[in-house]
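**Student:** For reference, the file coords_8.cif (mmCIF, C-alpha atoms) is included below:
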```
data_structure
loop_
_atom_site.label_atom_id
_atom_site.label_comp_id
_atom_site.auth_asym_id
_atom_site.auth_seq_id
_atom_site.Cartn_x
_atom_site.Cartn_y
_atom_site.Cartn_z
CA MET G 1 200.20 37.61 38.69
CA GLN G 2 203.76 36.67 37.83
CA VAL G 3 203.77 33.82 40.34
CA TYR G 4 200.66 32.30 38.74
CA SER G 5 202.34 32.43 35.35
CA ARG G 6 205.47 30.79 36.72
CA GLU G 7 203.65 27.96 38.50
CA SER G 8 201.29 27.41 35.57
CA SER G 9 204.32 27.08 33.32
CA ARG G 10 205.88 24.61 35.73
CA LEU G 11 202.70 22.51 35.70
CA LYS G 12 202.46 22.56 31.89
CA SER G 13 206.07 21.37 31.67
CA ALA G 14 205.31 18.46 33.99
CA GLU G 15 202.18 17.57 32.02
CA ALA G 16 204.06 17.68 28.71
CA LEU G 17 206.83 15.49 30.11
CA VAL G 18 204.33 12.84 31.20
CA ARG G 19 202.26 13.06 28.02
CA GLU G 20 205.28 12.62 25.76
CA ASN G 21 207.12 9.92 27.70
CA PHE G 22 204.41 7.89 29.40
CA PRO G 23 201.53 7.49 26.93
CA ARG G 24 201.15 3.93 28.20
CA PHE G 25 199.99 5.10 31.65
CA GLY G 26 196.31 5.49 32.47
CA VAL G 27 194.69 8.80 33.43
CA ASN G 28 195.10 8.40 37.21
CA LYS G 29 198.71 7.24 36.93
CA LYS G 30 199.56 10.19 34.70
CA GLN G 31 197.94 12.52 37.22
CA GLU G 32 199.99 11.13 40.11
CA ILE G 33 203.29 11.28 38.22
CA THR G 34 202.51 14.81 37.00
CA ARG G 35 201.71 15.92 40.53
CA LEU G 36 204.92 14.41 41.94
CA LEU G 37 207.04 15.97 39.20
CA TYR G 38 205.44 19.35 39.83
CA GLU G 39 205.91 19.20 43.61
CA ILE G 40 209.53 18.08 43.37
CA SER G 41 210.22 20.79 40.80
CA LYS G 42 208.73 23.48 43.05
CA ARG G 43 210.34 22.13 46.23
CA GLU G 44 213.84 21.91 44.71
CA GLY G 45 213.59 24.94 42.44
CA ILE G 46 214.41 23.01 39.27
CA LEU G 47 212.61 22.23 36.02
CA PRO G 48 210.51 19.03 35.75
CA VAL G 49 212.73 17.77 32.90
CA GLU G 50 215.69 17.75 35.27
CA ILE G 51 214.12 15.22 37.61
CA LEU G 52 213.99 12.00 35.59
CA GLY G 53 217.00 10.43 33.92
CA PRO G 54 217.03 8.54 30.58
CA GLN G 55 216.76 5.19 32.39
CA ASP G 56 213.54 6.30 34.11
CA LEU G 57 211.66 7.10 30.90
CA SER G 58 211.31 3.42 29.96
CA ALA G 59 210.71 2.16 33.48
CA SER G 60 207.45 0.77 34.84
CA TYR G 61 204.90 2.88 36.69
CA PRO G 62 205.66 1.31 40.12
CA TRP G 63 209.37 2.02 39.67
CA ILE G 64 208.88 5.62 38.62
CA LYS G 65 206.40 6.34 41.39
CA LYS G 66 208.69 4.78 44.00
CA THR G 67 211.62 6.83 42.72
CA LEU G 68 209.60 10.05 42.84
CA LEU G 69 208.15 9.33 46.29
CA GLN G 70 211.63 8.76 47.70
CA ARG G 71 212.70 12.12 46.35
CA ARG G 72 209.50 13.98 47.32
CA TYR G 73 209.39 12.61 50.90
CA PRO G 74 213.05 11.87 51.74
CA LEU G 75 212.72 12.01 55.54
CA THR G 76 209.48 10.08 55.88
CA TYR G 77 210.27 7.44 53.23
CA GLN G 78 213.26 6.18 55.24
CA ASP G 79 211.00 4.95 58.05
CA GLN G 80 207.66 4.63 56.30
CA PRO G 81 207.92 3.33 52.70
CA SER G 82 204.15 2.75 52.46
CA LEU G 83 203.21 6.41 52.27
CA LYS G 84 199.61 7.57 52.31
CA THR G 85 199.86 10.38 49.82
CA TYR G 86 197.29 12.81 48.48
CA LEU G 87 198.03 13.63 44.84
CA PRO G 88 194.98 15.40 43.37
CA LYS G 89 194.77 16.96 39.93
CA LEU G 90 196.33 20.40 39.95
CA ARG G 91 194.86 23.42 38.17
CA PHE G 92 196.00 27.01 38.43
CA GLN G 93 193.54 29.88 38.36
CA ALA G 94 194.53 33.43 39.20
CA TYR G 95 192.84 34.59 42.42
CA PRO G 96 194.91 37.57 43.59
CA LEU G 97 194.27 38.69 47.15
CA ASN G 98 192.68 41.98 48.07
CA SER G 99 195.57 44.36 48.73
CA THR G 100 193.60 46.97 50.70
CA LEU G 101 194.46 45.62 54.14
CA ALA G 102 198.04 44.99 53.06
CA LYS G 103 198.47 48.70 52.33
CA ASN G 104 196.95 50.25 55.43
CA LYS G 105 195.93 47.35 57.73
CA LYS G 106 192.67 49.22 58.32
CA PHE G 107 189.32 47.49 58.13
CA TYR G 108 186.67 49.48 56.26
CA PRO G 109 183.84 47.51 54.60
CA LYS G 110 182.32 48.78 51.37
CA LYS G 111 179.00 47.00 51.84
CA VAL G 112 177.07 46.14 55.03
CA PHE G 113 173.97 43.95 54.80
CA ILE G 114 171.68 44.04 57.83
CA GLU G 115 168.92 41.52 58.46
CA LYS G 116 165.54 43.17 58.93
CA SER G 117 165.11 41.68 62.41
CA VAL G 118 168.26 43.47 63.71
CA ILE G 119 168.05 46.67 61.67
CA SER G 120 167.64 48.69 64.90
CA SER G 121 170.32 46.81 66.85
CA ALA G 122 173.18 48.48 68.68
CA LEU G 123 175.68 46.66 66.42
CA ALA G 124 174.03 48.05 63.28
CA ALA G 125 174.14 51.54 64.78
CA ARG G 126 177.83 51.13 65.66
CA PHE G 127 178.72 50.16 62.12
CA LYS G 128 176.76 53.05 60.66
CA GLY G 129 178.67 55.38 62.94
CA PHE G 130 182.10 53.90 62.26
CA PHE G 131 181.67 53.44 58.50
CA PRO G 132 179.58 56.34 57.13
CA LYS G 133 180.94 55.84 53.60
CA ALA G 134 179.86 52.20 53.44
CA ASP G 135 176.76 51.16 51.50
CA PHE G 136 174.14 49.79 53.93
CA GLU G 137 171.36 47.53 52.70
CA GLU G 138 168.52 45.80 54.55
CA ILE G 139 167.90 42.12 53.69
CA GLY G 140 165.28 39.67 54.85
CA SER G 141 167.87 37.16 56.08
CA PHE G 142 171.33 35.91 55.28
CA LYS G 143 169.80 32.61 54.18
CA GLU G 144 167.62 34.39 51.62
CA TYR G 145 170.59 36.42 50.40
CA ARG G 146 172.64 33.27 49.84
CA ALA G 147 169.77 31.61 47.98
CA GLN G 148 169.74 34.53 45.54
CA ASN G 149 173.54 34.76 45.23
CA LYS G 150 174.78 31.18 44.80
CA ASP G 151 177.76 31.80 42.57
CA SER G 152 180.28 33.12 45.09
CA GLY G 153 183.66 31.40 45.07
CA ILE G 154 187.33 32.06 45.71
CA ALA G 155 187.31 35.43 43.95
CA ASP G 156 184.52 36.68 46.25
CA TYR G 157 186.12 35.03 49.27
CA ASN G 158 189.29 37.01 48.60
CA LYS G 159 187.27 40.22 48.90
CA ARG G 160 185.29 39.19 51.98
CA GLN G 161 186.81 42.02 54.08
CA GLU G 162 184.76 44.41 51.97
CA THR G 163 181.42 42.88 52.97
CA VAL G 164 179.77 42.48 56.38
CA PHE G 165 176.52 40.73 57.25
CA ILE G 166 174.88 41.76 60.55
CA VAL G 167 172.52 38.95 61.46
CA ARG G 168 170.39 37.38 64.16
CA GLU G 169 171.77 34.03 65.28
CA ASN G 170 169.00 31.66 66.28
CA TYR G 171 170.59 28.24 66.76
CA ASP G 172 174.36 27.87 66.69
CA PHE G 173 175.32 29.45 69.99
CA PHE G 174 177.72 26.99 71.62
CA LYS G 175 179.28 23.58 71.07
CA LYS G 176 182.06 21.35 72.31
CA CYS G 177 185.39 21.64 70.55
CA PRO G 178 185.16 19.41 67.44
CA CYS G 179 188.21 17.33 68.28
CA THR G 180 189.47 15.08 65.51
CA LYS G 181 188.40 11.43 65.77
CA CYS G 182 190.93 9.48 67.88
CA ALA G 183 192.44 12.74 69.13
CA SER G 184 192.96 13.53 72.77
CA ALA G 185 189.99 15.63 73.96
CA CYS G 186 190.81 19.11 75.28
CA GLY G 187 187.50 19.75 77.07
CA TYR G 188 187.14 23.11 75.38
CA HIS G 189 183.80 24.73 74.49
CA ILE G 190 183.15 27.06 71.57
CA PHE G 191 181.28 30.36 71.77
CA ASN G 192 180.24 30.86 68.12
CA LEU G 193 180.38 34.62 67.96
CA GLY G 194 180.80 35.38 64.27
CA PHE G 195 182.15 33.78 61.13
CA GLY G 196 184.96 34.90 58.88
CA CYS G 197 188.31 36.58 59.42
CA ILE G 198 189.99 39.65 57.95
CA TYR G 199 193.42 38.01 58.04
CA GLU G 200 194.82 35.83 55.27
CA CYS G 201 196.59 32.81 56.73
CA VAL G 202 197.87 30.38 54.12
CA TYR G 203 196.92 27.36 56.23
CA CYS G 204 193.47 28.60 57.36
CA TYR G 205 190.74 25.97 57.10
CA LEU G 206 188.08 28.67 56.62
CA GLN G 207 189.22 28.83 52.99
CA GLU G 208 187.12 25.73 52.42
CA TYR G 209 184.05 27.88 53.08
CA THR G 210 184.44 29.93 49.90
CA ASN G 211 180.65 30.17 49.60
CA THR G 212 180.59 32.83 52.34
CA PRO G 213 181.47 36.12 50.65
CA GLY G 214 181.74 38.27 53.77
CA ILE G 215 182.19 38.59 57.52
CA ILE G 216 179.13 37.45 59.50
CA LEU G 217 178.48 39.17 62.84
CA PRO G 218 175.54 38.41 65.15
CA ALA G 219 173.76 41.43 66.61
CA ASN G 220 171.84 39.52 69.30
CA ILE G 221 174.60 38.72 71.77
CA GLY G 222 172.00 38.89 74.53
CA ASP G 223 170.45 35.70 73.17
CA PHE G 224 173.84 34.00 73.51
CA PHE G 225 173.92 34.98 77.16
CA ASN G 226 170.38 33.69 77.76
CA ALA G 227 171.27 30.37 76.14
CA PHE G 228 174.46 30.11 78.17
CA ASN G 229 172.59 29.92 81.44
CA ALA G 230 171.33 26.47 80.42
CA TYR G 231 174.62 25.42 78.79
CA LYS G 232 177.16 26.36 81.45
CA LYS G 233 178.98 23.89 83.67
CA GLU G 234 181.06 24.53 86.75
CA GLY G 235 184.74 24.96 85.92
CA MET G 236 184.24 24.95 82.15
CA ARG G 237 186.60 26.67 79.74
CA ILE G 238 184.89 28.39 76.84
CA GLY G 239 186.06 30.83 74.21
CA SER G 240 185.51 32.43 70.85
CA GLY G 241 187.84 32.19 67.90
CA GLU G 242 187.06 28.97 66.05
CA PHE G 243 185.43 30.62 63.04
CA THR G 244 186.83 34.12 63.47
CA ASP G 245 189.52 36.05 65.29
CA SER G 246 188.16 36.94 68.74
CA LEU G 247 189.47 40.51 68.81
CA ALA G 248 190.43 41.61 65.29
CA LEU G 249 187.17 43.57 64.88
CA ASP G 250 186.56 44.33 68.56
CA SER G 251 187.13 48.06 68.20
CA TRP G 252 184.02 48.12 65.99
CA THR G 253 181.85 45.32 67.42
CA GLY G 254 182.50 46.01 71.11
CA TYR G 255 181.82 42.34 71.83
CA SER G 256 184.56 42.08 74.47
CA LEU G 257 182.95 44.69 76.71
CA GLU G 258 179.70 42.73 76.86
CA LEU G 259 181.46 39.39 77.23
CA ILE G 260 183.65 40.50 80.12
CA ASP G 261 180.70 42.12 81.87
CA PHE G 262 178.66 38.92 81.45
CA PHE G 263 181.39 36.58 82.67
CA ASN G 264 181.97 38.80 85.68
CA LYS G 265 178.73 37.20 86.87
CA HIS G 266 180.08 33.69 86.19
CA PRO G 267 183.42 33.56 88.02
CA GLN G 268 183.33 29.74 87.98
CA VAL G 269 183.72 29.80 84.16
CA THR G 270 186.91 30.73 82.29
CA PHE G 271 186.44 32.65 79.06
CA GLU G 272 189.22 32.91 76.47
CA PHE G 273 189.77 35.38 73.66
CA LYS G 274 191.99 33.94 70.89
CA THR G 275 193.62 36.38 68.51
CA LYS G 276 196.44 37.36 66.17
CA SER G 277 195.54 41.03 66.59
CA ILE G 278 196.48 43.81 68.98
CA GLU G 279 192.92 45.16 69.33
CA ILE G 280 192.96 45.22 73.14
CA ASP G 281 191.83 48.78 73.94
CA ASN G 282 188.42 47.62 75.16
CA LEU G 283 190.03 44.97 77.37
CA LEU G 284 192.31 47.55 78.97
CA ARG G 285 189.46 49.87 79.95
CA THR G 286 187.06 47.42 81.56
CA LYS G 287 187.07 45.54 84.87
CA HIS G 288 187.22 41.76 84.87
CA ALA G 289 186.78 39.09 87.52
CA GLY G 290 190.08 37.32 86.88
CA ASN G 291 188.41 34.59 84.82
CA ILE G 292 189.28 36.08 81.42
CA VAL G 293 192.26 34.73 79.47
CA VAL G 294 193.61 36.62 76.47
CA SER G 295 195.51 34.30 74.14
CA TRP G 296 197.69 34.81 71.12
CA SER G 297 198.62 32.47 68.32
CA LEU G 298 202.41 32.64 68.03
CA ASN G 299 204.87 31.78 65.30
CA PRO G 300 208.34 33.04 64.40
CA GLN G 301 208.26 36.29 62.45
CA ARG G 302 209.49 34.45 59.36
CA VAL G 303 206.39 32.22 59.48
CA ILE G 304 204.13 35.23 60.06
CA ASP G 305 205.66 37.06 57.08
CA GLU G 306 205.19 34.05 54.80
CA ASN G 307 201.85 32.71 56.03
CA GLU G 308 199.83 35.14 58.19
CA PHE G 309 199.19 38.09 55.92
CA PHE G 310 197.74 41.35 57.30
CA SER G 311 198.06 40.12 60.91
CA SER G 312 200.07 41.75 63.70
CA SER G 313 203.76 41.06 64.01
CA LEU G 314 205.22 38.79 66.68
CA GLU G 315 206.66 41.81 68.49
CA GLU G 316 203.25 43.53 68.46
CA ARG G 317 201.49 40.43 69.79
CA LEU G 318 203.93 40.00 72.66
CA ALA G 319 203.73 43.70 73.52
CA ALA G 320 199.92 43.47 73.62
CA ALA G 321 200.14 40.41 75.88
CA LYS G 322 202.43 42.31 78.24
CA ARG G 323 199.92 45.18 78.44
CA CYS G 324 197.11 42.74 79.26
CA VAL G 325 199.19 41.17 82.04
CA ALA G 326 199.71 44.65 83.49
CA ARG G 327 195.92 44.98 83.68
CA GLY G 328 195.63 41.75 85.64
CA TYR G 329 194.69 39.37 82.83
CA LYS G 330 196.07 35.88 82.54
CA VAL G 331 197.42 35.26 79.06
CA GLY G 332 197.66 32.14 76.95
CA PHE G 333 199.72 31.21 73.92
CA HIS G 334 199.00 28.82 71.09
CA PHE G 335 201.93 27.48 69.11
CA ASP G 336 199.48 26.24 66.56
CA PRO G 337 200.15 25.51 63.82
CA ILE G 338 203.83 24.83 64.35
CA ILE G 339 205.40 24.94 60.89
CA TYR G 340 208.26 22.62 60.00
CA PHE G 341 211.01 24.07 57.80
CA SER G 342 214.78 24.07 57.56
CA GLY G 343 216.09 25.84 60.66
CA TRP G 344 212.77 25.72 62.53
CA GLN G 345 214.41 24.86 65.86
CA ASP G 346 216.48 28.05 65.95
CA GLU G 347 213.52 30.20 64.93
CA TYR G 348 211.23 28.78 67.61
CA ALA G 349 214.00 28.99 70.21
CA ARG G 350 214.33 32.72 69.51
CA LEU G 351 210.56 33.08 69.70
CA MET G 352 210.56 31.37 73.12
CA GLU G 353 213.32 33.68 74.30
CA SER G 354 211.30 36.73 73.28
CA LEU G 355 208.17 35.36 74.93
CA PHE G 356 209.69 34.67 78.33
CA ALA G 357 211.76 37.87 78.28
CA GLY G 358 208.50 39.83 78.51
CA ILE G 359 206.01 37.47 80.15
CA LYS G 360 206.54 35.69 83.46
CA PRO G 361 205.46 32.03 83.68
CA LYS G 362 203.11 32.81 86.59
CA ASP G 363 201.05 35.04 84.28
CA ILE G 364 200.55 32.33 81.64
CA ALA G 365 197.33 30.34 81.96
CA TRP G 366 198.32 27.70 79.41
CA ILE G 367 200.24 26.97 76.23
CA SER G 368 198.94 24.70 73.49
CA LEU G 369 200.98 22.89 70.87
CA GLY G 370 199.72 21.71 67.50
CA THR G 371 201.55 20.97 64.29
CA LEU G 372 200.26 21.94 60.84
CA ARG G 373 197.33 19.80 59.69
CA PHE G 374 194.32 20.27 57.44
CA ARG G 375 191.72 18.38 55.44
CA PRO G 376 193.18 17.16 52.14
CA GLU G 377 190.63 19.15 50.13
CA LEU G 378 192.28 22.35 51.35
CA LYS G 379 195.51 21.56 49.51
CA THR G 380 194.29 22.64 46.07
CA VAL G 381 192.61 25.74 47.56
CA ILE G 382 195.93 26.82 49.08
CA GLU G 383 197.66 26.24 45.74
CA SER G 384 195.08 28.39 43.93
CA ARG G 385 195.16 31.23 46.46
CA PHE G 386 198.82 31.09 47.48
CA PRO G 387 200.80 29.53 44.61
CA ASN G 388 204.03 30.81 46.15
CA ASN G 389 203.43 29.05 49.47
CA LYS G 390 206.20 27.05 51.12
CA ILE G 391 204.23 25.01 53.64
CA LEU G 392 203.08 22.49 51.00
CA ASP G 393 206.68 21.86 50.01
CA GLU G 394 207.25 19.99 53.27
CA GLU G 395 206.37 16.32 53.88
CA LEU G 396 202.62 16.31 54.51
CA LEU G 397 200.90 12.92 54.31
CA LEU G 398 197.49 11.52 55.24
CA GLY G 399 197.58 10.88 58.97
CA TYR G 400 195.59 8.86 61.48
CA ASP G 401 192.54 11.11 61.00
CA ASN G 402 192.88 11.39 57.20
CA LYS G 403 194.19 14.95 57.50
CA LEU G 404 197.42 16.02 55.88
CA ARG G 405 200.06 16.04 58.61
CA TYR G 406 203.75 15.60 59.19
CA SER G 407 204.74 12.00 59.98
CA ASP G 408 204.46 10.63 63.52
CA LYS G 409 208.24 10.75 63.87
CA MET G 410 208.48 14.36 62.71
CA ARG G 411 205.62 15.47 64.96
CA TYR G 412 207.12 13.70 67.96
CA SER G 413 210.43 15.42 67.28
CA VAL G 414 208.74 18.83 67.04
CA TYR G 415 206.71 18.38 70.22
CA SER G 416 209.66 17.02 72.19
CA TYR G 417 211.73 20.03 71.22
CA MET G 418 208.99 22.55 72.03
CA ILE G 419 208.13 20.96 75.37
CA SER G 420 211.78 20.83 76.39
CA ALA G 421 212.25 24.46 75.39
CA ILE G 422 209.21 25.61 77.39
CA ARG G 423 210.16 23.48 80.41
CA GLY G 424 213.54 25.17 80.30
CA TYR G 425 211.74 28.31 81.45
CA SER G 426 209.10 26.74 83.71
CA ASN G 427 207.91 23.31 84.83
CA ASP G 428 204.59 24.68 86.05
CA ILE G 429 202.97 26.06 82.89
CA GLU G 430 200.02 23.95 81.75
CA LEU G 431 200.77 22.40 78.35
CA TYR G 432 198.37 20.52 76.10
CA LEU G 433 198.29 19.19 72.55
CA CYS G 434 195.66 20.40 70.10
CA MET G 435 194.01 17.97 67.64
CA GLU G 436 196.62 15.33 68.27
CA ASP G 437 196.64 11.54 68.52
CA LYS G 438 196.08 10.08 71.99
CA ASN G 439 199.15 7.89 71.54
CA MET G 440 201.27 10.97 70.85
CA ARG G 441 200.10 12.56 74.09
CA SER G 442 200.90 9.38 75.97
CA ASP G 443 204.36 9.10 74.41
CA LEU G 444 205.12 12.69 75.37
CA ASN G 445 203.78 12.21 78.94
CA LEU G 446 201.34 15.11 78.62
#
```
Could you show the structure in this file as structure tokens?
**Tutor:**
Amino acid sequence: MQVYSRESSRLKSAEALVRENFPRFGVNKKQEITRLLYEISKREGILPVEILGPQDLSASYPWIKKTLLQRRYPLTYQDQPSLKTYLPKLRFQAYPLNSTLAKNKKFYPKKVFIEKSVISSALAARFKGFFPKADFEEIGSFKEYRAQNKDSGIADYNKRQETVFIVRENYDFFKKCPCTKCASACGYHIFNLGFGCIYECVYCYLQEYTNTPGIILPANIGDFFNAFNAYKKEGMRIGSGEFTDSLALDSWTGYSLELIDFFNKHPQVTFEFKTKSIEIDNLLRTKHAGNIVVSWSLNPQRVIDENEFFSSSLEERLAAAKRCVARGYKVGFHFDPIIYFSGWQDEYARLMESLFAGIKPKDIAWISLGTLRFRPELKTVIESRFPNNKILDEELLLGYDNKLRYSDKMRYSVYSYMISAIRGYSNDIELYLCMEDKNMRSDLNL
């Protein structure tokens, strides 16, 4: 709670500074100046009163804003003075995270709701066997439950690991990857097997869905398989992991066993598991047809420690990948999101060294690259849930798709470095950009 008190105090100091010295500014102008003072104060580790000099206090609004923008975005402002900023009103509310997983990294829900239509399902039986101390309750449907419990928010979202909903999915089985408008299409297809994640990543876009106070797991995977027969296309690449981690709960759901068995019958389709976990025991004890790719999201350990709470370490992820390769799986890696910070090149270079020390290029199906980006509305959610975060201290501006991103120049620099580093180990690994501008892909010759 100390961090909330500190950041709340910082915000109040910025507000007081603006209120006392700029009474002539309108509401929106005061909000923008307050926000800039707060962000500079946090970024530089100084008090808001240390930012403006005596000459600034009598200056015009355009002058003050320009001065603050130059200081807040020093790298980008040099090349792009007309910045598209997002400076919303900032409020601090204390939403401490659930510390249960942090202490033992063991998933054990307190409450499991089961829809009446799947009360006798194999998944419901598995959960009853694995979690005998949990409270199980039958409900008519998840939709009915939500209608009766409309007040869930960030506080409930923070405790979502404690609640599981076992449901029957009737509609949302598959879809094409929702690539950003104007982005280069990846041709990926989504297998919507579940919603919600037990990990706490600072940058995760699922935080916008704070009206879902639990992990949602479909019990009728057979219906997914029936629907797939009409959806499939020769040579398609499909995978789970858009709305959940593909393997984090696999020891309890057993989804991977059914998925691998099913895709053994569809060798012309490539299925991908995406994960930050090391839950691979089921994968290691089942036969596959060579069309299964197990992929890990990778970041330097420093980034994992600061942004990917409760997840497996970099060393654990790479060790799990090596074990999967030994069992004949192709593996994939997603440097996504790549986080920009002072010294990032050295950290990612060491990561690359560790990766290729244990995994041979011939065993890698693909590597994706994507820099940090998110919808602007997520910014205030991150601030409320992770007031000590560092990722918002960097230069994130509204990009070509109206998402907060690093500038074109910064992203190009990051991608060029990463591509060169990877190509230093192999020229044959398939590389692609995720959710990135078509022009960027063209400039990078990808």
**Student:** Rounded to one decimal in Å, what is the spacing between atom CA of Val294 of chain G and atom CA of Tyr199 of chain G?
**Tutor:**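 Straight-line distance from atom CA of Val294 of chain G to atom CA of Tyr199 of chain G works out to 18.5 Å.
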**Student:** Got a sec to resolve the PyMOL selection byres ((chain G and resi 49-57) around 10) on this structure and send the residues as a PDB file with C-alpha atoms, in the coordinates of the input?
**Tutor:**
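File part.pdb, as written:
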```pdb
ATOM      1  CA  SER G  13     206.070  21.370  31.670  1.00  0.00           C
ATOM      2  CA  ALA G  14     205.310  18.460  33.990  1.00  0.00           C
ATOM      3  CA  ALA G  16     204.060  17.680  28.710  1.00  0.00           C
ATOM      4  CA  LEU G  17     206.830  15.490  30.110  1.00  0.00           C
ATOM      5  CA  VAL G  18     204.330  12.840  31.200  1.00  0.00           C
ATOM      6  CA  GLU G  20     205.280  12.620  25.760  1.00  0.00           C
ATOM      7  CA  ASN G  21     207.120   9.920  27.700  1.00  0.00           C
ATOM      8  CA  PHE G  22     204.410   7.890  29.400  1.00  0.00           C
ATOM      9  CA  LEU G  37     207.040  15.970  39.200  1.00  0.00           C
ATOM     10  CA  TYR G  38     205.440  19.350  39.830  1.00  0.00           C
ATOM     11  CA  ILE G  40     209.530  18.080  43.370  1.00  0.00           C
ATOM     12  CA  SER G  41     210.220  20.790  40.800  1.00  0.00           C
ATOM     13  CA  GLU G  44     213.840  21.910  44.710  1.00  0.00           C
ATOM     14  CA  ILE G  46     214.410  23.010  39.270  1.00  0.00           C
ATOM     15  CA  LEU G  47     212.610  22.230  36.020  1.00  0.00           C
ATOM     16  CA  PRO G  48     210.510  19.030  35.750  1.00  0.00           C
ATOM     17  CA  SER G  58     211.310   3.420  29.960  1.00  0.00           C
ATOM     18  CA  ALA G  59     210.710   2.160  33.480  1.00  0.00           C
ATOM     19  CA  SER G  60     207.450   0.770  34.840  1.00  0.00           C
ATOM     20  CA  TYR G  61     204.900   2.880  36.690  1.00  0.00           C
ATOM     21  CA  TRP G  63     209.370   2.020  39.670  1.00  0.00           C
ATOM     22  CA  ILE G  64     208.880   5.620  38.620  1.00  0.00           C
ATOM     23  CA  THR G  67     211.620   6.830  42.720  1.00  0.00           C
ATOM     24  CA  LEU G  68     209.600  10.050  42.840  1.00  0.00           C
ATOM     25  CA  ARG G  71     212.700  12.120  46.350  1.00  0.00           C
TER      26      ARG G  71
END
```
**Student:** List the spatial neighbours of Lys30 of chain G as a JSON list (two decimals) with C-alpha atoms, keeping the file's coordinate frame - criterion: any atom at most 9 Å away, all atoms listed in the file, same-chain residues fewer than 5 positions off excluded.
**Tutor:**
```json
[["chain", "number", "residue", "atom", "x", "y", "z"],
["G", 15, "GLU", "CA", 202.18, 17.57, 32.02],
["G", 18, "VAL", "CA", 204.33, 12.84, 31.20],
["G", 19, "ARG", "CA", 202.26, 13.06, 28.02],
["G", 22, "PHE", "CA", 204.41, 7.89, 29.40],
["G", 23, "PRO", "CA", 201.53, 7.49, 26.93],
["G", 25, "PHE", "CA", 199.99, 5.10, 31.65],
["G", 35, "ARG", "CA", 201.71, 15.92, 40.53]]
```
**Student:** Given the file above and the PyMOL selection byres ((chain G and resi 124) around 12), which residues are selected, and can you give them as a ChimeraX atom specification?
**Tutor:** /G:112-123,125-132,136-138,164-168,217-220,252-254
**Student:** Mind listing whatever residues come within 8 Å of the point (184.9, 40.0, 74.7)? Use only C-alpha atoms, file coordinates, and give them as a list in words.
**Tutor:**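 The requested residues, written out, are Ser246, Leu247, Asp250, Gly254, Tyr255, Ser256, Leu257, Glu258, Leu259, Ile260, Phe273 and Leu283 of chain G.
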